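Shown next, in structure tokens, is the structure this report addresses.
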Amino acid sequence: MTTVLLLVTSLVLGTLGSILRKVFMKENDLGTAGSFLFTAICSLFAGAVLVFWGGIGEMSRYTLIFGILFGVITAAQGITYMFAVQTGPLSYTTVITSFSTVISALSGAMFFGESISWTGIVGIVLMLLCFLLATEKGEKERKASFLWLIFCVMALLLTGVIGIMQKMHQLSPHKGELNFFLVVAFAASAILSALFAFILMAVSRKEKKDSTSPGSSDKNKTLKARVVMVLMMIICGICVSINNKFNTHLAGVMDAAVFFPLINGGGLILTTVSAFIIFREKFSKKQWLGLCLGILSVAFLCLPF
């Protein structure tokens with residue numbers, strides 16, 4: 001029962017985080033620097049939540065090094081996922097990144113002595129078909145679609161690596177250092193992302209310095225927009241911290257071939273539903289077919305036989 005509760009909570013918070021990222025990128029045309037800044041502030045609040053939640057706990061050199069590496073990869077995954085969401089549909093981006101399930105499931109078979117069922121193989125084949133149907137070939141959209149697919153594949157690979165690292169840490173003798181591991185990871189992610197954000201902001205500082213004094217209503221609007229932006233970052237940070245803590249714990253107590261398909265498949269379905277309802281995303285017949293195959297593939301990956 002506890003496992004089910006943790007899974008459901010993690011899925012809901014993960015979906016909420018994805019929606020907030022999409023809204024942020026849609027409403028704020030801040031470019032690459034904005035993406036890094038969003039990731040930095042999210043990571044900062046995620047780490048703060050964990051410190052208040054369970055403190056630092058036990059510390060070891062192994063967890064310190066592993067946590068820094070995990071933080072760098074998590075930052076890279078968050079940024080590539082944001083770019084993918086910015087350049088393409090949220091629902092389809094989630095379908096593609098859900099393919100990381102295959103990487104995680106294969107890692108269970110290759111490194112942790114777990115097995116893959118025949119339904120898992122069917123799921124992998126269906127997901128490959130989903131890839132083939134993922135991008136539009138229209139004249140205008142070909143370039144954008146290709147760029148989106150590149151970001152999707154990068155996010156997919158990094159998500160798979162994150163899953164493997166979560167499993168590795170929780171199967172190590174240092175699994176009791178979960179809080180320290182995640183706090184270090186979020187600190188590394190925040191520092192790295194903030195560094196890149198400030199470098200990019202400094203480079204593109206040739207912005208409107210010639211702004212003539214805007215009216216007070218514009219100032220209020222800007223202030224309001226900034227408050228909303230910060231709130232989105234804080235909420236996203238809280239979602240990310242709880243989601244990562246639950247997922248890292250569950251990765252250690254459940255088989256990779258069961259946990260990762262469940263967490264990715266459930267996230268896929270929830271995100272797809274929200275994309276249709278909130279963002280009114282539309283698809284061609286080919287994309288609809290690919291989307292259905294993607295969801296079906298994750299369903300097969302979730303089957304225990």
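Chain lettering (A, B, ...) mirrors the order of the structure tokens, residue numbering begins at 1 for each chain separately, and ligand numbering begins at 1 in order of display.
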Can you tell me which residues surround Ala202 in chain A at a distance of at most 10 Å, considering only C-alpha atoms, apart from same-chain residues fewer than 5 positions away, and format the answer as an MDAnalysis selection string?
chainID A and resid 33 196:197
Surrounding residues of Ser98 in chain A excluding itself and chain neighbours under 5 positions, 10 Å, only C-alpha atoms, as a count of residues only
21
Who sits within 7 Å of range 232-238 of chain A, only C-alpha atoms, same chain under 3 positions skipped, as a PyMOL selection string:
chain A and resi 17+20+38+41-43+45-46+49+228-229+241-242
Nearby residues (only C-alpha atoms) at most 9 Å from range 63-76 of chain A, same-chain spacing under 3 positions excluded, as a VMD selection string:
chain A and resid 36 39 to 40 43 59 to 60 79 to 81 154 to 155 158 to 159 161 to 162 165 to 166 169 174 to 175 177 to 178 180 to 190 192 to 193
Let's have the selection written as an mmCIF file, in the first residue's frame, with C-alpha atoms.
data_model
loop_
_atom_site.group_PDB
_atom_site.id
_atom_site.type_symbol
_atom_site.label_atom_id
_atom_site.label_comp_id
_atom_site.auth_asym_id
_atom_site.auth_seq_id
_atom_site.Cartn_x
_atom_site.Cartn_y
_atom_site.Cartn_z
ATOM 1 C CA PHE A 36 19.158 27.447 -17.226
ATOM 2 C CA THR A 39 16.540 24.749 -13.686
ATOM 3 C CA ALA A 40 18.868 26.523 -11.222
ATOM 4 C CA SER A 43 17.114 22.765 -8.047
ATOM 5 C CA MET A 59 27.720 11.496 4.510
ATOM 6 C CA SER A 60 30.399 9.591 2.571
ATOM 7 C CA ILE A 79 17.314 21.665 -19.773
ATOM 8 C CA THR A 80 17.064 19.341 -22.793
ATOM 9 C CA TYR A 81 13.536 18.368 -21.719
ATOM 10 C CA MET A 154 18.975 13.728 -25.532
ATOM 11 C CA ALA A 155 16.362 14.000 -22.743
ATOM 12 C CA LEU A 158 19.750 11.322 -19.863
ATOM 13 C CA THR A 159 16.500 10.170 -18.210
ATOM 14 C CA VAL A 161 21.014 7.321 -17.107
ATOM 15 C CA ILE A 162 19.261 9.033 -14.161
ATOM 16 C CA MET A 165 22.110 5.936 -11.192
ATOM 17 C CA GLN A 166 19.127 5.965 -8.791
ATOM 18 C CA HIS A 169 22.902 4.214 -5.355
ATOM 19 C CA HIS A 174 25.336 3.857 1.083
ATOM 20 C CA LYS A 175 21.597 3.698 0.356
ATOM 21 C CA GLU A 177 22.442 8.439 2.617
ATOM 22 C CA LEU A 178 19.516 9.167 0.283
ATOM 23 C CA PHE A 180 22.573 13.678 1.368
ATOM 24 C CA PHE A 181 22.791 12.170 -2.146
ATOM 25 C CA LEU A 182 19.845 14.240 -3.432
ATOM 26 C CA VAL A 183 20.842 17.466 -1.630
ATOM 27 C CA VAL A 184 24.337 17.268 -3.183
ATOM 28 C CA ALA A 185 22.769 16.497 -6.588
ATOM 29 C CA PHE A 186 20.418 19.492 -6.434
ATOM 30 C CA ALA A 187 23.219 21.778 -5.216
ATOM 31 C CA ALA A 188 25.441 20.715 -8.141
ATOM 32 C CA SER A 189 22.546 21.170 -10.572
ATOM 33 C CA ALA A 190 21.731 24.641 -9.186
ATOM 34 C CA LEU A 192 26.004 24.584 -12.813
ATOM 35 C CA SER A 193 22.712 25.903 -14.234
#
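Using only C-alpha atoms, the smallest distance between any of A:Leu171, A:Cys239, A:Val85, A:Leu195 and Met254 in chain A comes from A:Leu171.
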